[in-house]
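Enquirer: mmCIF, C-alpha atoms and all ligand atoms, file entry_17.cif:
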data_input
#
loop_
_atom_site.label_atom_id
_atom_site.label_comp_id
_atom_site.auth_asym_id
_atom_site.auth_seq_id
_atom_site.Cartn_x
_atom_site.Cartn_y
_atom_site.Cartn_z
CA GLY A 1 127.97 102.36 64.62
CA ALA A 2 125.99 105.40 65.66
CA THR A 3 123.52 103.46 67.76
CA LYS A 4 124.35 103.15 71.42
CA SER A 5 124.32 99.66 72.96
CA VAL A 6 121.82 99.02 75.71
CA GLY A 7 124.70 99.02 78.17
CA GLU A 8 125.81 102.46 77.03
CA GLN A 9 122.22 103.73 77.19
CA VAL A 10 121.82 102.81 80.86
CA ASP A 11 125.46 103.24 81.88
CA TYR A 12 125.73 99.47 82.52
CA LYS A 13 123.44 99.84 85.55
CA ILE A 14 120.54 97.65 86.59
CA ILE A 15 118.33 99.33 89.17
CA GLY A 16 118.01 96.87 92.02
CA ILE A 17 116.25 96.83 95.39
CA ASP A 18 117.33 96.08 98.98
CA PRO A 19 120.55 94.05 99.23
CA GLY A 20 118.94 91.21 101.23
CA ALA A 21 116.35 90.43 98.56
CA GLY A 22 116.70 87.09 96.84
CA ILE A 23 116.44 88.74 93.44
CA MET A 24 119.53 90.83 94.26
CA ASN A 25 121.61 87.79 95.23
CA LEU A 26 120.47 85.93 92.12
CA THR A 27 121.19 88.84 89.82
CA ILE A 28 124.61 89.67 91.25
CA ASN A 29 125.88 86.16 91.98
CA ASP A 30 124.34 84.15 89.14
CA VAL A 31 122.84 86.25 86.34
CA LEU A 32 125.71 88.69 85.76
CA PRO A 33 128.39 85.95 85.70
CA GLY A 34 126.07 83.52 83.88
CA TYR A 35 125.61 85.92 80.96
CA GLU A 36 129.16 87.29 81.19
CA LEU A 37 127.94 90.79 81.99
CA ASP A 38 131.26 91.79 83.58
CA GLU A 39 130.86 95.51 83.03
CA TRP A 40 127.42 95.66 84.63
CA GLU A 41 126.49 96.59 88.17
CA VAL A 42 123.29 96.25 90.15
CA VAL A 43 122.43 99.41 92.05
CA GLU A 44 121.22 98.80 95.62
CA GLY A 45 118.18 100.64 96.89
CA SER A 46 114.70 99.54 97.87
CA GLY A 47 111.49 98.41 96.27
CA SER A 48 110.07 101.92 96.43
CA ALA A 49 113.26 103.56 95.10
CA MET A 50 113.23 101.11 92.18
CA ALA A 51 109.59 101.97 91.47
CA ALA A 52 110.37 105.69 91.63
CA ALA A 53 113.28 105.33 89.20
CA LEU A 54 111.10 103.31 86.86
CA LYS A 55 108.35 105.93 86.92
CA LYS A 56 110.81 108.75 86.29
CA ALA A 57 112.37 106.99 83.29
CA TYR A 58 109.03 105.80 81.93
CA ASP A 59 107.46 109.26 82.03
CA LYS A 60 110.32 110.55 79.88
CA GLU A 61 110.55 107.43 77.73
CA GLU A 62 114.15 106.96 78.80
CA PRO A 63 115.93 103.58 78.92
CA ILE A 64 116.01 101.72 82.25
CA ILE A 65 116.48 98.15 83.42
CA VAL A 66 115.17 97.07 86.84
CA THR A 67 115.05 93.91 88.89
CA GLY A 68 111.37 93.09 88.68
CA TRP A 69 108.83 90.54 89.82
CA SER A 70 105.21 89.46 89.54
CA PRO A 71 102.76 89.87 91.08
CA HIS A 72 103.43 93.59 91.12
CA TRP A 73 101.33 96.68 90.36
CA LYS A 74 103.95 98.09 87.94
CA PHE A 75 102.65 95.83 85.16
CA ALA A 76 99.19 97.37 85.48
CA SER A 77 100.58 100.92 85.56
CA TYR A 78 103.16 100.71 82.76
CA ASP A 79 103.73 98.78 79.54
CA LEU A 80 106.70 96.60 80.54
CA LYS A 81 108.37 93.38 79.48
CA TYR A 82 110.61 90.77 81.09
CA LEU A 83 113.89 90.20 79.26
CA GLU A 84 114.12 86.59 78.15
CA ASP A 85 116.32 84.45 80.36
CA PRO A 86 117.39 81.64 77.99
CA LYS A 87 119.66 80.09 80.63
CA GLY A 88 116.75 79.95 83.07
CA ILE A 89 118.84 81.41 85.88
CA TYR A 90 115.90 83.20 87.50
CA GLY A 91 114.08 79.86 87.67
CA GLY A 92 110.51 79.13 86.73
CA ALA A 93 107.29 80.12 88.42
CA GLU A 94 107.63 79.90 92.17
CA ASP A 95 105.39 79.61 95.20
CA VAL A 96 105.08 82.07 98.03
CA ASN A 97 105.00 80.12 101.26
CA THR A 98 103.88 80.79 104.80
CA ILE A 99 106.60 80.06 107.37
CA VAL A 100 105.91 79.91 111.11
CA ARG A 101 108.07 79.50 114.18
CA GLN A 102 108.50 76.18 115.91
CA GLY A 103 105.90 75.79 118.63
CA LEU A 104 103.29 78.12 117.12
CA LYS A 105 100.90 75.20 116.72
CA GLU A 106 101.00 74.47 120.45
CA ASP A 107 101.04 78.10 121.63
CA HIS A 108 98.47 79.59 119.22
CA PRO A 109 96.62 76.73 117.50
CA ASP A 110 93.99 79.00 115.97
CA ALA A 111 96.52 81.36 114.43
CA TYR A 112 98.37 78.33 113.14
CA LYS A 113 95.21 76.95 111.57
CA LEU A 114 94.31 80.26 109.94
CA LEU A 115 97.82 80.76 108.57
CA ASP A 116 97.79 77.19 107.29
CA GLN A 117 94.52 77.88 105.45
CA PHE A 118 95.63 81.25 104.07
CA GLN A 119 95.71 80.89 100.30
CA TRP A 120 94.77 83.17 97.43
CA GLU A 121 95.35 83.91 93.74
CA PRO A 122 97.51 86.48 91.91
CA GLU A 123 94.40 88.50 90.94
CA HIS A 124 93.59 88.95 94.65
CA ILE A 125 97.00 90.19 95.74
CA GLU A 126 97.13 92.42 92.65
CA THR A 127 93.88 94.09 93.70
CA VAL A 128 95.32 94.88 97.13
CA MET A 129 98.59 96.14 95.62
CA ASN A 130 96.71 98.39 93.20
CA LEU A 131 94.64 99.90 96.04
CA ILE A 132 97.86 100.71 97.91
CA GLN A 133 99.46 102.08 94.76
CA GLU A 134 96.42 104.32 94.26
CA GLY A 135 96.98 105.81 97.72
CA SER A 136 95.29 103.61 100.33
CA GLU A 137 97.18 102.79 103.51
CA PRO A 138 98.09 99.07 103.43
CA ALA A 139 95.81 98.29 106.40
CA GLU A 140 92.90 100.14 104.75
CA ALA A 141 93.48 98.34 101.46
CA ALA A 142 93.55 94.98 103.26
CA ALA A 143 90.31 95.79 105.12
CA GLN A 144 88.58 96.90 101.93
CA TRP A 145 89.72 93.83 100.04
CA ALA A 146 88.64 91.53 102.89
CA SER A 147 85.18 93.12 103.02
CA GLU A 148 84.80 92.53 99.27
CA ASN A 149 86.05 88.92 99.47
CA GLU A 150 84.32 87.53 102.53
CA GLU A 151 83.75 84.15 100.95
CA LEU A 152 87.45 83.54 100.32
CA VAL A 153 88.43 84.91 103.72
CA SER A 154 85.89 82.55 105.35
CA THR A 155 87.83 79.59 103.92
CA TRP A 156 90.84 80.82 105.91
CA THR A 157 88.91 81.24 109.16
CA GLU A 158 86.91 78.03 108.80
CA GLY A 159 87.17 76.00 112.00
CA VAL A 160 89.25 78.72 113.65
CA ASN A 161 88.09 79.66 117.15
CA GLU A 162 87.84 83.27 118.29
CA VAL A 163 90.57 84.31 120.71
CA ASP A 164 90.73 87.17 123.16
CA GLY A 165 93.53 89.49 122.14
CA GLU A 166 96.40 87.00 122.06
CA GLU A 167 99.48 88.75 120.67
CA LEU A 168 101.20 87.70 117.47
CA THR A 169 104.13 89.15 115.58
CA LEU A 170 104.29 88.95 111.79
CA LEU A 171 107.58 89.84 110.13
CA TYR A 172 107.68 91.29 106.64
CA VAL A 173 109.91 93.13 104.17
CA ALA A 174 108.76 96.26 102.31
CA TRP A 175 108.33 94.53 98.96
CA ASP A 176 104.99 95.58 97.50
CA ASP A 177 103.60 92.05 97.21
CA VAL A 178 104.66 91.18 100.76
CA ILE A 179 103.32 94.47 102.16
CA ALA A 180 99.94 93.51 100.66
CA SER A 181 99.90 89.86 101.77
CA SER A 182 101.14 90.63 105.29
CA HIS A 183 98.43 93.22 105.87
CA VAL A 184 95.76 90.86 104.56
CA ALA A 185 97.02 88.10 106.89
CA GLU A 186 97.02 90.62 109.75
CA ASN A 187 93.45 91.62 108.92
CA ALA A 188 92.25 88.00 108.90
CA LEU A 189 94.01 87.20 112.19
CA GLU A 190 92.56 90.30 113.83
CA SER A 191 89.09 89.36 112.61
CA VAL A 192 89.23 86.31 114.91
CA GLY A 193 90.56 88.29 117.86
CA TYR A 194 94.36 88.31 117.60
CA ASP A 195 96.33 91.42 118.43
CA VAL A 196 98.83 91.43 115.57
CA LYS A 197 102.04 93.38 115.50
CA LEU A 198 103.41 93.76 111.97
CA VAL A 199 107.12 94.39 112.08
CA GLN A 200 108.98 95.58 108.99
CA VAL A 201 112.52 94.27 108.72
CA ASP A 202 115.08 93.28 106.08
CA ALA A 203 115.02 89.86 104.47
CA GLY A 204 117.78 88.33 106.64
CA PRO A 205 116.21 89.42 109.94
CA MET A 206 112.78 88.30 108.71
CA TRP A 207 114.00 84.72 108.31
CA ALA A 208 116.22 84.87 111.40
CA GLY A 209 113.34 86.21 113.49
CA VAL A 210 111.00 83.35 112.70
CA ALA A 211 113.88 80.86 113.15
CA ASP A 212 114.75 82.23 116.62
CA GLY A 213 111.11 82.60 117.63
CA SER A 214 111.11 86.39 118.05
CA GLY A 215 108.62 86.50 115.19
CA ASP A 216 105.66 84.15 114.92
CA ALA A 217 105.23 83.99 111.15
CA LEU A 218 106.05 85.39 107.72
CA VAL A 219 103.91 85.06 104.61
CA GLY A 220 106.44 86.22 101.98
CA ALA A 221 108.81 83.27 101.47
CA TRP A 222 109.55 82.95 97.76
CA LEU A 223 110.51 79.34 97.04
CA PRO A 224 112.24 77.24 95.91
CA THR A 225 114.69 79.65 94.24
CA THR A 226 114.49 83.23 95.49
CA HIS A 227 114.87 82.51 99.21
CA ALA A 228 116.77 79.24 98.82
CA ASP A 229 119.77 80.51 100.81
CA TYR A 230 117.65 81.67 103.74
CA TYR A 231 115.63 78.46 103.69
CA ALA A 232 118.78 76.33 103.79
CA GLU A 233 120.40 78.48 106.48
CA TYR A 234 117.50 78.06 108.91
CA GLU A 235 116.07 74.70 107.87
CA GLY A 236 114.87 72.75 110.92
CA LYS A 237 114.28 75.97 112.88
CA PHE A 238 110.89 76.85 111.37
CA GLU A 239 107.77 75.14 110.10
CA ASP A 240 106.86 75.51 106.42
CA LEU A 241 103.07 75.67 105.97
CA GLY A 242 103.31 75.56 102.18
CA ALA A 243 102.11 77.91 99.47
CA ASN A 244 99.72 80.79 100.02
CA LEU A 245 100.19 81.88 96.38
CA THR A 246 101.56 80.20 93.27
CA GLY A 247 102.77 81.38 89.89
CA THR A 248 105.26 84.15 90.62
CA LYS A 249 107.95 85.36 88.25
CA LEU A 250 111.12 87.35 88.56
CA GLY A 251 113.72 88.72 86.23
CA LEU A 252 115.03 91.84 84.54
CA VAL A 253 112.24 94.17 83.47
CA VAL A 254 112.33 97.01 80.94
CA PRO A 255 109.77 99.37 79.39
CA ALA A 256 108.22 97.84 76.26
CA TYR A 257 109.56 100.78 74.20
CA MET A 258 113.14 99.54 74.69
CA ASP A 259 114.64 97.69 71.75
CA VAL A 260 115.99 94.71 73.70
CA ASP A 261 114.41 91.32 74.32
CA SER A 262 116.88 89.05 76.06
CA ILE A 263 119.41 89.22 78.88
CA GLU A 264 121.83 87.80 76.32
CA ASP A 265 121.53 91.05 74.34
CA LEU A 266 123.04 93.02 77.24
CA LYS A 267 126.53 91.65 76.59
N1 LIG B 301 110.97 89.94 95.77
C1 LIG B 301 109.56 90.04 96.14
C2 LIG B 301 111.56 89.30 96.97
C3 LIG B 301 110.58 88.29 97.39
C4 LIG B 301 109.30 88.98 97.17
C5 LIG B 301 111.05 89.12 94.55
C6 LIG B 301 111.50 91.26 95.56
C7 LIG B 301 113.01 88.83 96.88
O1 LIG B 301 113.51 88.29 97.85
O2 LIG B 301 113.65 89.06 95.86
#
In structure tokens, write the structure found in this file.
Expert:
Amino acid sequence: GATKSVGEQVDYKIIGIDPGAGIMNLTINDVLPGYELDEWEVVEGSGSAMAAALKKAYDKEEPIIVTGWSPHWKFASYDLKYLEDPKGIYGGAEDVNTIVRQGLKEDHPDAYKLLDQFQWEPEHIETVMNLIQEGSEPAEAAAQWASENEELVSTWTEGVNEVDGEELTLLYVAWDDVIASSHVAENALESVGYDVKLVQVDAGPMWAGVADGSGDALVGAWLPTTHADYYAEYEGKFEDLGANLTGTKLGLVVPAYMDVDSIEDLK
């Protein structure tokens, strides 16, 4: 027929992010084979390169398929949809957990307590992400959000003693949600006197760093599916403080103007 298939429209390319991301491993190792998408490839890049490609295509109303996730500011900025995943390979809603190094409780009990109490809702992280997207520096956005949400932040610092400049290292990856949550955690820890170093790394080194103790904590562990491999690899070498956020989603995302609804339709 005259109509191009979706594959032909996008040259059989899905715009991905950094190769260490869980969503990349899932898409390449499970989703492509699971839906028999043999001709397709996932293009490596970064969260920001993916967002730039999406903006470029969207502004011209061109077809594009990206690896996407929620919470994320792109859903507030553009009219997008997740492709249905009838095989459920991307899994259901997940939690985002806080993971700390072994021994943090003994060495920095107040940081441990604060991190253990750190918990918020999608609407909160979305507000921080939107401030950053609108041009605020992440630290500024975190400070503004904290000043507007003192009541919630006080539930994190409840029973936490002030400290005098003890140093802590938080490891994070440059995924927009994790940039936001890591800066908010940094802000809360600094409000009780910690001197926090935020170190941006790739996903593998983020997990390895907390497992080997060179990092004190990470707040962007997507579980049980997205970071399952990292969790299994280092299990026993970290302490899992449980969810700081619930109700995430990930999958293949397209502009709403595209005439495709399911991953099955890509074949
Ligand atoms: N993400 C955002 C990450 C976790 C947070 C979905 C891009 C991933 O590992 O895929």
Enquirer: Could you produce a table of the residues of chain A lying within 6 Å of ligand LIG 301 (chain B), with the nearest pair of atoms per residue and their separation in Å rounded to one decimal, using only C-alpha atoms and all ligand atoms, ordered by chain and increasing residue number, as a tab-separated table?
Expert:
residue	atom	partner	partner_atom	distance
A:Ala21	CA	B:LIG301	O1	3.6
A:Gly22	CA	B:LIG301	O1	3.6
A:Ile23	CA	B:LIG301	O2	3.7
A:Trp69	CA	B:LIG301	C5	5.4
A:Trp175	CA	B:LIG301	C1	5.4
A:Trp222	CA	B:LIG301	C3	5.5
A:Thr226	CA	B:LIG301	O1	5.7
Enquirer: Atom CA of Lys55 of chain A and atom CA of Ser262 of chain A are how many Å apart?
Expert: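 Atom CA of Ser262 of chain A lies at a distance of 21.8 Å from atom CA of Lys55 of chain A.
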Enquirer: Could you pull the residues within 10 Å of Glu167 of chain A, counting all atoms listed in the file, minus those fewer than 4 positions along the same chain, as a PyMOL selection string?
Expert: chain A and resi 108+163+190+193-197+216
Enquirer: Determine, using all atoms listed in the file, which residues of segment 39-156 of chain A have any atom at most 8 Å from an atom of segment 239-248 of chain A, and tabulate each with its shortest atom pair and distance in Å to one decimal place, rows ordered by chain and then rising number, as CSV.
Expert:
residue,atom,partner,partner_atom,distance
A:Trp69,CA,A:Thr248,CA,7.4
A:Ser70,CA,A:Thr248,CA,5.4
A:Pro71,CA,A:Thr248,CA,6.3
A:Ala93,CA,A:Gly247,CA,4.9
A:Glu94,CA,A:Thr248,CA,5.1
A:Asp95,CA,A:Thr246,CA,4.3
A:Val96,CA,A:Leu245,CA,5.2
A:Asn97,CA,A:Ala243,CA,4.1
A:Thr98,CA,A:Leu241,CA,5.3
A:Ile99,CA,A:Asp240,CA,4.7
A:Val100,CA,A:Glu239,CA,5.2
A:Arg101,CA,A:Glu239,CA,6.0
A:Gln102,CA,A:Glu239,CA,5.9
A:Leu115,CA,A:Leu241,CA,7.8
A:Asp116,CA,A:Leu241,CA,5.7
A:Phe118,CA,A:Asn244,CA,5.8
A:Gln119,CA,A:Asn244,CA,4.0
A:Trp120,CA,A:Leu245,CA,5.7
A:Glu121,CA,A:Leu245,CA,5.9
A:Pro122,CA,A:Leu245,CA,7.0
Enquirer: Atom CA of Gly92 of chain A and atom CA of Tyr230 of chain A, how far apart in Å?
Expert: 18.6 Å
Enquirer: Neighbouring residues of Tyr82 of chain A were defined as those with any atom within 12 Å, considering all atoms listed in the file; residues of the same chain fewer than 6 positions away were excluded. Please report them as a list in words.
Expert: Ile65, Val66, Thr67, Gly68, Trp69, Ser70, Phe75, Tyr90, Lys249, Leu250, Gly251, Leu252, Val253, Val254, Pro255, Ala256, Met258, Val260, Asp261, Ser262 and Ile263 of chain A
Enquirer: So how far away is atom CA of Ala180 of chain A from atom CA of Val199 of chain A, in Å?
Expert: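 Value for the atom CA of Val199 of chain A-atom CA of Ala180 of chain A distance: 13.5 Å.
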Enquirer: Go through A:Asn29, A:Gln9, A:Gln133, A:Thr3 one by one, measure the shortest atom-to-atom distance of each to Ser48 of chain A using only C-alpha atoms, and give the residue with the smallest value.
Expert: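 Among the listed residues, the smallest separation from Ser48 of chain A belongs to A:Gln133.
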Enquirer: List as an mmCIF file with C-alpha atoms, in the frame of the given file the protein and nucleic acid residues near Glu39 of chain A, meaning an atom at most 12 Å away when only C-alpha atoms are counted, but skip any in the same chain fewer than 3 places from it.
Expert:
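Contents of the output file out.cif:
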data_model
loop_
_atom_site.group_PDB
_atom_site.id
_atom_site.type_symbol
_atom_site.label_atom_id
_atom_site.label_comp_id
_atom_site.auth_asym_id
_atom_site.auth_seq_id
_atom_site.Cartn_x
_atom_site.Cartn_y
_atom_site.Cartn_z
ATOM 1 C CA GLY A 7 124.700 99.020 78.170
ATOM 2 C CA GLU A 8 125.810 102.460 77.030
ATOM 3 C CA VAL A 10 121.820 102.810 80.860
ATOM 4 C CA ASP A 11 125.460 103.240 81.880
ATOM 5 C CA TYR A 12 125.730 99.470 82.520
ATOM 6 C CA LYS A 13 123.440 99.840 85.550
ATOM 7 C CA ILE A 14 120.540 97.650 86.590
ATOM 8 C CA ILE A 28 124.610 89.670 91.250
ATOM 9 C CA LEU A 32 125.710 88.690 85.760
ATOM 10 C CA PRO A 33 128.390 85.950 85.700
ATOM 11 C CA TYR A 35 125.610 85.920 80.960
ATOM 12 C CA GLU A 36 129.160 87.290 81.190
ATOM 13 C CA VAL A 42 123.290 96.250 90.150
ATOM 14 C CA LEU A 266 123.040 93.020 77.240
ATOM 15 C CA LYS A 267 126.530 91.650 76.590
#
Enquirer: Find, counting all atoms listed in the file, the residue in A:Val219, A:Val184, A:Leu168, A:Val210 that gets nearest to Leu152 of chain A.
Expert: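 The shortest atom-to-atom distance to Leu152 of chain A comes from A:Val184.
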